[in-house]
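Okay, structure first, notes after.
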Amino acid sequence: MKFRAILSLILFTGIISFGFYSCKKDRTCKVLVIVQDSLEAPIVGADVRLWCDDTENPLCIIDCVKTTLTDGTAHFQFANPGILKVYVDGDPEGYVELKASEEVEKVIVRP
């Protein structure tokens with residue numbers, strides 16, 4: 001009888017623990033920027049900058065620069081959703097919207 005009560009308690013604790021941890025989702029916002037030329041060939045070594053303007057949003061402190069890899073890609077990860085400006089080699093290329101639990105892809109074609 002005592003063994004059965006201990007076994008029930010262990011089983012109940014396991015089910016409750018599984019319930020708490022299985023519902024936790026990764027909320028990371030991922031951005032993939034692909035830089036290509038007009039023939040869709042990857043541009044290697046381009047500096048991709050994602051940032052937000054302090055005058056528009058004084059609470060935003062994001063300013064990340066990464067260099068494109070051999071396949072023309074630059075990968076970014078952020079904790080919170082938002083809208084960031086995109087620059088490639090110092091030239092403005094529009095915006096990217098960060099979405100929770102998703103990877104957003106932005107293709108930039110350079111002359």
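Convention: chains lettered A, B, ... in structure tokens order; per-chain residue numbering from 1; ligands numbered from 1 as shown.
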- Message: Using only C-alpha atoms, which protein or nucleic acid residues come within 12 Å of Ile83 (chain A)? Drop anything in the same chain fewer than 3 positions from it, and give the result as a list in words.
- Response: Cys29, Val31, Leu50, Trp51, Cys52, Asp53, Glu56, Asn57, Cys60, Ile62, Phe78, Asn80, Val86, Gly94, Tyr95, Val96, Glu97, Leu98, Lys99, Ala100 and Val104 of chain A
- Item | Spatial neighbours of Ile34 (chain A), 12 Å, only C-alpha atoms, chain gap at least 3 places, as a PyMOL selection string | chain A and resi 31+37+40-48+66-76+86+88+93+104-110
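Of the listed residues A:Pro111, A:Ile61, A:Pro81, A:Glu102, the one whose atoms come nearest to Lys30 (chain A) is A:Glu102, with distances taken using only C-alpha atoms.
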- Task: Would you mind reading off the distance between CA of Val33 (chain A) and CA of Glu103 (chain A), one decimal, in Å?
- Result: 10.3 Å
- Quick one: distance from CA of Asp63 (chain A) to CA of Leu84 (chain A) in Å, one decimal?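 According to the coordinates, CA of Asp63 (chain A) and CA of Leu84 (chain A) are separated by 9.1 Å.
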- Item | Atom pair CA of Asp91 (chain A) / CA of Thr28 (chain A): separation (Å) |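 That distance, rounded to one decimal, is 27.0 Å.
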- Message: Using only C-alpha atoms, can you tell me which of A:Tyr87, A:Pro92, A:Ala79, A:Arg49 comes closest to Asp26 (chain A)?
- Response: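 Once distances to Asp26 (chain A) are computed over only C-alpha atoms, the minimum belongs to A:Ala79.
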